[in-house]
Amino acid sequence: GQSLEQPSEVTAVEGAIVQINCTYQTSGFYGLSWYQQHDGGAPTFLSYNALDGLEETGRFSSFLSRSDSYGYLLLQELQMKDSASYFCAVRGRRDQNFVFGPGTRLSVLP
Amino acid sequence: DVKVTQSSRYLVKRTGEKVFLECVQDMDHENMFWYRQDPGLGLRLIYFSYDVKMKEKGDIPEGYSVSREKKERFSLILESASTNQTSMYLCASSLITRIGENTIYFGEGSWLTVV
């Protein structure tokens, strides 16, 4: 089966940089994705890594190391609106399925 | 713009009632999913469908069934609601997965309370 681990909570101040880690175990691997979810809202797609290395999208970057079964989401120049839960996800063994990590709640303090 | 619409945002149902949660997507996606989200447990897959009339069980299918009669519509059915099914339910859709395509689009969620 598949399983993912993330820290449950991270706290940082406005303007800082924060890294949210994700480790995974999966029998098949088709890429690691990151999603953001604000309280009461739906998860929305942030980024995707199929290959090793860093992908940058504005203030957000995501990194993948397939040999270590590890990835992270890097958020720079933190803003209050970045306070949310962040989920990593992998495509599952049955090819069409997505499996999500437990989520990391990020709190950005003034 | 990508759109996944869930018919009900908030519902309150009684124990034993049959509950229907409807979901429609306008992106012509092949895959549709129903997840349940509970505090501390993250997103758990109930059922998914990769084609009309096709369905596969997810991690927690007990007490649920689904229906996909048309490509754009995926319904979740609670045959006899119980209090432990009080939760937020998220519908989602995606294209057929292939290398480079890994985005899943979610609806706004349906908050179900069973009393």
# chains A, B, ... in the order shown; residues from 1 in each chain; ligands from 1
>>> closest_atom_pairs(of="chain B", to="chain A", cutoff="10 Å", atoms="only C-alpha atoms", output="tab-separated table")
residue	atom	partner	partner_atom	distance
B:Glu30	CA	A:Gln96	CA	9.8
B:Asn31	CA	A:Gln96	CA	7.3
B:Met32	CA	A:Gln96	CA	9.5
B:Phe33	CA	A:Asn97	CA	8.5
B:Gln37	CA	A:Pro102	CA	9.9
B:Pro39	CA	A:Pro102	CA	9.3
B:Gly40	CA	A:Pro102	CA	6.9
B:Leu41	CA	A:Pro102	CA	6.0
B:Gly42	CA	A:Pro102	CA	4.4
B:Leu43	CA	A:Phe100	CA	6.2
B:Arg44	CA	A:Phe100	CA	7.6
B:Leu45	CA	A:Val99	CA	7.7
B:Tyr47	CA	A:Asn97	CA	9.6
B:Phe48	CA	A:Asn97	CA	7.6
B:Ser49	CA	A:Gln96	CA	8.7
B:Tyr50	CA	A:Gln96	CA	7.1
B:Glu56	CA	A:Arg94	CA	9.6
B:Gly58	CA	A:Asn97	CA	8.5
B:Asp59	CA	A:Val99	CA	9.8
B:Met88	CA	A:Gly40	CA	9.5
B:Leu90	CA	A:Ala42	CA	7.6
B:Cys91	CA	A:Ala42	CA	9.5
B:Ala92	CA	A:Ala42	CA	9.7
B:Ser94	CA	A:Gln96	CA	8.9
B:Leu95	CA	A:Gln96	CA	9.1
B:Ile96	CA	A:Gln96	CA	7.0
B:Thr97	CA	A:Gln96	CA	5.9
B:Arg98	CA	A:Tyr30	CA	8.0
B:Ile99	CA	A:Tyr30	CA	6.5
B:Gly100	CA	A:Ala50	CA	6.7
B:Glu101	CA	A:Tyr48	CA	8.8
B:Asn102	CA	A:Tyr48	CA	7.0
B:Thr103	CA	A:Phe45	CA	6.6
B:Ile104	CA	A:Phe45	CA	7.2
B:Tyr105	CA	A:Thr44	CA	6.9
B:Phe106	CA	A:Ala42	CA	6.0
B:Gly107	CA	A:Ala42	CA	6.2
B:Glu108	CA	A:Ala42	CA	4.9
B:Gly109	CA	A:Ala42	CA	6.4
B:Trp111	CA	A:Gly40	CA	9.5
>>> atom_distance(atom1="CA of Ser7 in chain B", atom2="CA of Tyr86 in chain A")
25.6 Å
>>> atom_distance(atom1="CA of Asp68 in chain A", atom2="CA of Gln19 in chain A")
16.8 Å
>>> atom_distance(atom1="CA of Ser75 in chain B", atom2="CA of Leu11 in chain B")
15.2 Å
>>> residues_around(residues="Thr113 in chain B", least_positions_apart="6", cutoff="9 Å", atoms="only C-alpha atoms", output="PDB file with all heavy atoms, in the first residue's frame")
ATOM      1  N   TYR B  10     -24.140  22.022   3.285  1.00  0.00           N
ATOM      2  CA  TYR B  10     -24.390  21.608   4.666  1.00  0.00           C
ATOM      3  C   TYR B  10     -25.661  20.767   4.712  1.00  0.00           C
ATOM      4  O   TYR B  10     -26.682  21.158   4.152  1.00  0.00           O
ATOM      5  CB  TYR B  10     -24.549  22.813   5.587  1.00  0.00           C
ATOM      6  CG  TYR B  10     -23.345  23.719   5.622  1.00  0.00           C
ATOM      7  CD1 TYR B  10     -23.303  24.865   4.833  1.00  0.00           C
ATOM      8  CD2 TYR B  10     -22.250  23.421   6.424  1.00  0.00           C
ATOM      9  CE1 TYR B  10     -22.184  25.685   4.850  1.00  0.00           C
ATOM     10  CE2 TYR B  10     -21.136  24.245   6.445  1.00  0.00           C
ATOM     11  CZ  TYR B  10     -21.109  25.376   5.649  1.00  0.00           C
ATOM     12  OH  TYR B  10     -20.005  26.187   5.666  1.00  0.00           O
ATOM     13  N   LEU B  11     -25.547  19.616   5.382  1.00  0.00           N
ATOM     14  CA  LEU B  11     -26.739  18.770   5.545  1.00  0.00           C
ATOM     15  C   LEU B  11     -26.795  18.274   6.982  1.00  0.00           C
ATOM     16  O   LEU B  11     -25.762  17.961   7.579  1.00  0.00           O
ATOM     17  CB  LEU B  11     -26.706  17.534   4.654  1.00  0.00           C
ATOM     18  CG  LEU B  11     -26.467  17.644   3.169  1.00  0.00           C
ATOM     19  CD1 LEU B  11     -25.006  17.486   2.843  1.00  0.00           C
ATOM     20  CD2 LEU B  11     -27.275  16.573   2.435  1.00  0.00           C
ATOM     21  N   VAL B  12     -28.018  18.126   7.483  1.00  0.00           N
ATOM     22  CA  VAL B  12     -28.256  17.470   8.761  1.00  0.00           C
ATOM     23  C   VAL B  12     -29.266  16.360   8.507  1.00  0.00           C
ATOM     24  O   VAL B  12     -30.359  16.619   7.999  1.00  0.00           O
ATOM     25  CB  VAL B  12     -28.788  18.442   9.831  1.00  0.00           C
ATOM     26  CG1 VAL B  12     -29.022  17.691  11.138  1.00  0.00           C
ATOM     27  CG2 VAL B  12     -27.827  19.602  10.038  1.00  0.00           C
ATOM     28  N   LYS B  13     -28.865  15.130   8.843  1.00  0.00           N
ATOM     29  CA  LYS B  13     -29.730  13.966   8.602  1.00  0.00           C
ATOM     30  C   LYS B  13     -29.868  13.163   9.877  1.00  0.00           C
ATOM     31  O   LYS B  13     -29.025  13.237  10.787  1.00  0.00           O
ATOM     32  CB  LYS B  13     -29.122  13.082   7.497  1.00  0.00           C
ATOM     33  CG  LYS B  13     -29.012  13.783   6.147  1.00  0.00           C
ATOM     34  CD  LYS B  13     -30.366  14.043   5.553  1.00  0.00           C
ATOM     35  CE  LYS B  13     -30.239  14.715   4.187  1.00  0.00           C
ATOM     36  NZ  LYS B  13     -31.583  14.978   3.597  1.00  0.00           N
ATOM     37  N   ARG B  14     -30.931  12.360   9.918  1.00  0.00           N
ATOM     38  CA  ARG B  14     -31.162  11.528  11.091  1.00  0.00           C
ATOM     39  C   ARG B  14     -30.541  10.146  10.876  1.00  0.00           C
ATOM     40  O   ARG B  14     -30.435   9.647   9.751  1.00  0.00           O
ATOM     41  CB  ARG B  14     -32.654  11.386  11.352  1.00  0.00           C
ATOM     42  CG  ARG B  14     -33.322  12.688  11.735  1.00  0.00           C
ATOM     43  CD  ARG B  14     -34.728  12.453  12.278  1.00  0.00           C
ATOM     44  NE  ARG B  14     -35.349  13.712  12.648  1.00  0.00           N
ATOM     45  CZ  ARG B  14     -35.143  14.327  13.802  1.00  0.00           C
ATOM     46  NH1 ARG B  14     -34.324  13.807  14.693  1.00  0.00           N
ATOM     47  NH2 ARG B  14     -35.754  15.462  14.062  1.00  0.00           N
ATOM     48  N   THR B  83     -24.098   8.019  13.040  1.00  0.00           N
ATOM     49  CA  THR B  83     -23.435   9.194  13.603  1.00  0.00           C
ATOM     50  C   THR B  83     -21.940   9.207  13.285  1.00  0.00           C
ATOM     51  O   THR B  83     -21.339  10.283  13.176  1.00  0.00           O
ATOM     52  CB  THR B  83     -23.647   9.274  15.118  1.00  0.00           C
ATOM     53  OG1 THR B  83     -23.223   8.040  15.709  1.00  0.00           O
ATOM     54  CG2 THR B  83     -25.111   9.514  15.457  1.00  0.00           C
ATOM     55  N   GLN B  85     -20.643   8.712  10.597  1.00  0.00           N
ATOM     56  CA  GLN B  85     -20.459   9.219   9.240  1.00  0.00           C
ATOM     57  C   GLN B  85     -20.571  10.746   9.182  1.00  0.00           C
ATOM     58  O   GLN B  85     -20.524  11.335   8.101  1.00  0.00           O
ATOM     59  CB  GLN B  85     -21.469   8.567   8.278  1.00  0.00           C
ATOM     60  CG  GLN B  85     -21.194   7.083   8.084  1.00  0.00           C
ATOM     61  CD  GLN B  85     -22.205   6.415   7.175  1.00  0.00           C
ATOM     62  OE1 GLN B  85     -23.421   6.542   7.372  1.00  0.00           O
ATOM     63  NE2 GLN B  85     -21.722   5.693   6.173  1.00  0.00           N
ATOM     64  N   THR B  86     -20.719  11.345  10.342  1.00  0.00           N
ATOM     65  CA  THR B  86     -20.635  12.805  10.413  1.00  0.00           C
ATOM     66  C   THR B  86     -19.233  13.223  10.010  1.00  0.00           C
ATOM     67  O   THR B  86     -18.245  12.803  10.610  1.00  0.00           O
ATOM     68  CB  THR B  86     -20.947  13.290  11.837  1.00  0.00           C
ATOM     69  OG1 THR B  86     -22.314  13.039  12.135  1.00  0.00           O
ATOM     70  CG2 THR B  86     -20.651  14.782  11.974  1.00  0.00           C
ATOM     71  N   SER B  87     -19.128  14.061   8.975  1.00  0.00           N
ATOM     72  CA  SER B  87     -17.818  14.384   8.416  1.00  0.00           C
ATOM     73  C   SER B  87     -17.976  15.400   7.297  1.00  0.00           C
ATOM     74  O   SER B  87     -19.085  15.782   6.926  1.00  0.00           O
ATOM     75  CB  SER B  87     -17.174  13.111   7.845  1.00  0.00           C
ATOM     76  OG  SER B  87     -15.841  13.343   7.410  1.00  0.00           O
ATOM     77  N   MET B  88     -16.818  15.839   6.765  1.00  0.00           N
ATOM     78  CA  MET B  88     -16.837  16.597   5.526  1.00  0.00           C
ATOM     79  C   MET B  88     -16.516  15.653   4.377  1.00  0.00           C
ATOM     80  O   MET B  88     -15.541  14.904   4.443  1.00  0.00           O
ATOM     81  CB  MET B  88     -15.848  17.753   5.513  1.00  0.00           C
ATOM     82  CG  MET B  88     -15.930  18.520   4.189  1.00  0.00           C
ATOM     83  SD  MET B  88     -15.258  20.156   4.170  1.00  0.00           S
ATOM     84  CE  MET B  88     -13.588  19.847   3.631  1.00  0.00           C
TER      85      MET B  88
END
>>> residues_around(residues="Lys18 in chain B", least_positions_apart="4", cutoff="9 Å", atoms="only C-alpha atoms", output="list of chain:residue names")
B:Lys13, B:Arg14, B:Ile77, B:Leu78, B:Glu79, B:Ser80, B:Ala81
>>> select_by_dssp(residues="chain B", states="strand (DSSP E)", output="ChimeraX atom specification")
/B:4-6,10-13,19-25,31-38,42-49,56-57,64-70,73-78,87-94,105-106,110-114
>>> residues_around(residues="Leu54 in chain A", least_positions_apart="5", cutoff="7 Å", atoms="only C-alpha atoms", output="list in words")
Ser61, Ser62, Phe63 and Leu64 of chain A
>>> write_last_selection(atoms="all heavy atoms", output="short mmCIF file (atom, residue, chain, number, x, y, z; two decimals), in the first residue's frame")
data_model
loop_
_atom_site.label_atom_id
_atom_site.label_comp_id
_atom_site.auth_asym_id
_atom_site.auth_seq_id
_atom_site.Cartn_x
_atom_site.Cartn_y
_atom_site.Cartn_z
N SER A 61 8.13 26.55 -3.81
CA SER A 61 8.98 25.60 -4.53
C SER A 61 8.73 24.22 -3.96
O SER A 61 8.40 24.09 -2.78
CB SER A 61 10.46 25.96 -4.37
OG SER A 61 10.74 27.27 -4.78
N SER A 62 8.91 23.21 -4.78
CA SER A 62 8.79 21.84 -4.29
C SER A 62 9.96 21.03 -4.78
O SER A 62 10.44 21.21 -5.90
CB SER A 62 7.46 21.22 -4.75
OG SER A 62 7.36 21.25 -6.15
N PHE A 63 10.42 20.15 -3.91
CA PHE A 63 11.62 19.36 -4.17
C PHE A 63 11.28 17.89 -4.04
O PHE A 63 10.45 17.50 -3.21
CB PHE A 63 12.71 19.73 -3.16
CG PHE A 63 13.92 18.83 -3.22
CD1 PHE A 63 14.91 19.05 -4.16
CD2 PHE A 63 14.06 17.77 -2.34
CE1 PHE A 63 16.02 18.23 -4.23
CE2 PHE A 63 15.17 16.94 -2.39
CZ PHE A 63 16.14 17.17 -3.34
N LEU A 64 11.94 17.07 -4.84
CA LEU A 64 11.76 15.62 -4.79
C LEU A 64 13.10 14.91 -4.87
O LEU A 64 13.94 15.27 -5.71
CB LEU A 64 10.87 15.16 -5.94
CG LEU A 64 10.66 13.66 -6.08
CD1 LEU A 64 9.89 13.10 -4.88
CD2 LEU A 64 9.94 13.33 -7.38
#
>>> residues_around(residues="range 74-84 of chain A", least_positions_apart="4", cutoff="7 Å", atoms="only C-alpha atoms", output="list in words")
Glu14, Gly15, Ala16, Ile17, Val18, Gln19, Ile20, Gln36, Gln37, His38, Asp39, Arg59, Phe60, Ser61, Ser62, Arg105, Leu106, Ser107, Val108 and Leu109 of chain A
>>> write_last_selection(atoms="N, CA and C atoms", output="mmCIF file, in the first residue's frame")
data_model
loop_
_atom_site.group_PDB
_atom_site.id
_atom_site.type_symbol
_atom_site.label_atom_id
_atom_site.label_comp_id
_atom_site.auth_asym_id
_atom_site.auth_seq_id
_atom_site.Cartn_x
_atom_site.Cartn_y
_atom_site.Cartn_z
ATOM 1 N N GLU A 14 5.691 36.110 9.537
ATOM 2 C CA GLU A 14 5.595 36.762 8.236
ATOM 3 C C GLU A 14 6.972 37.105 7.691
ATOM 4 N N GLY A 15 7.147 36.880 6.404
ATOM 5 C CA GLY A 15 8.402 37.194 5.752
ATOM 6 C C GLY A 15 9.444 36.092 5.836
ATOM 7 N N ALA A 16 9.213 35.112 6.662
ATOM 8 C CA ALA A 16 10.179 34.028 6.839
ATOM 9 C C ALA A 16 10.050 32.986 5.724
ATOM 10 N N ILE A 17 10.920 31.990 5.797
ATOM 11 C CA ILE A 17 10.893 30.835 4.882
ATOM 12 C C ILE A 17 10.566 29.604 5.718
ATOM 13 N N VAL A 18 9.711 28.744 5.195
ATOM 14 C CA VAL A 18 9.379 27.525 5.928
ATOM 15 C C VAL A 18 9.416 26.338 4.967
ATOM 16 N N GLN A 19 9.837 25.205 5.483
ATOM 17 C CA GLN A 19 9.923 23.978 4.692
ATOM 18 C C GLN A 19 9.033 22.922 5.326
ATOM 19 N N ILE A 20 8.181 22.312 4.524
ATOM 20 C CA ILE A 20 7.292 21.246 4.999
ATOM 21 C C ILE A 20 7.729 19.957 4.325
ATOM 22 N N GLN A 36 -2.923 22.849 -1.062
ATOM 23 C CA GLN A 36 -3.175 23.791 0.023
ATOM 24 C C GLN A 36 -4.658 23.790 0.346
ATOM 25 N N GLN A 37 -4.976 23.819 1.625
ATOM 26 C CA GLN A 37 -6.381 23.888 2.017
ATOM 27 C C GLN A 37 -6.554 24.898 3.147
ATOM 28 N N HIS A 38 -7.328 25.939 2.878
ATOM 29 C CA HIS A 38 -7.696 26.888 3.927
ATOM 30 C C HIS A 38 -8.885 26.336 4.693
ATOM 31 N N ASP A 39 -9.023 26.788 5.938
ATOM 32 C CA ASP A 39 -10.117 26.317 6.793
ATOM 33 C C ASP A 39 -11.457 26.510 6.093
ATOM 34 N N ARG A 59 6.405 32.130 -5.110
ATOM 35 C CA ARG A 59 6.987 32.034 -3.762
ATOM 36 C C ARG A 59 7.098 30.582 -3.280
ATOM 37 N N PHE A 60 6.471 29.670 -4.005
ATOM 38 C CA PHE A 60 6.467 28.269 -3.584
ATOM 39 C C PHE A 60 7.409 27.452 -4.455
ATOM 40 N N SER A 61 8.127 26.545 -3.815
ATOM 41 C CA SER A 61 8.983 25.604 -4.534
ATOM 42 C C SER A 61 8.727 24.221 -3.956
ATOM 43 N N SER A 62 8.915 23.211 -4.784
ATOM 44 C CA SER A 62 8.787 21.841 -4.289
ATOM 45 C C SER A 62 9.964 21.034 -4.777
ATOM 46 N N ARG A 105 -0.382 21.641 9.302
ATOM 47 C CA ARG A 105 -1.041 22.923 9.520
ATOM 48 C C ARG A 105 0.022 23.991 9.730
ATOM 49 N N LEU A 106 0.040 24.955 8.833
ATOM 50 C CA LEU A 106 0.991 26.067 8.914
ATOM 51 C C LEU A 106 0.306 27.285 9.509
ATOM 52 N N SER A 107 0.887 27.806 10.554
ATOM 53 C CA SER A 107 0.401 29.052 11.153
ATOM 54 C C SER A 107 1.447 30.134 10.927
ATOM 55 N N VAL A 108 1.044 31.229 10.309
ATOM 56 C CA VAL A 108 1.948 32.350 10.069
ATOM 57 C C VAL A 108 1.591 33.449 11.054
ATOM 58 N N LEU A 109 2.566 33.846 11.839
ATOM 59 C CA LEU A 109 2.355 34.851 12.878
ATOM 60 C C LEU A 109 2.840 36.218 12.416
#
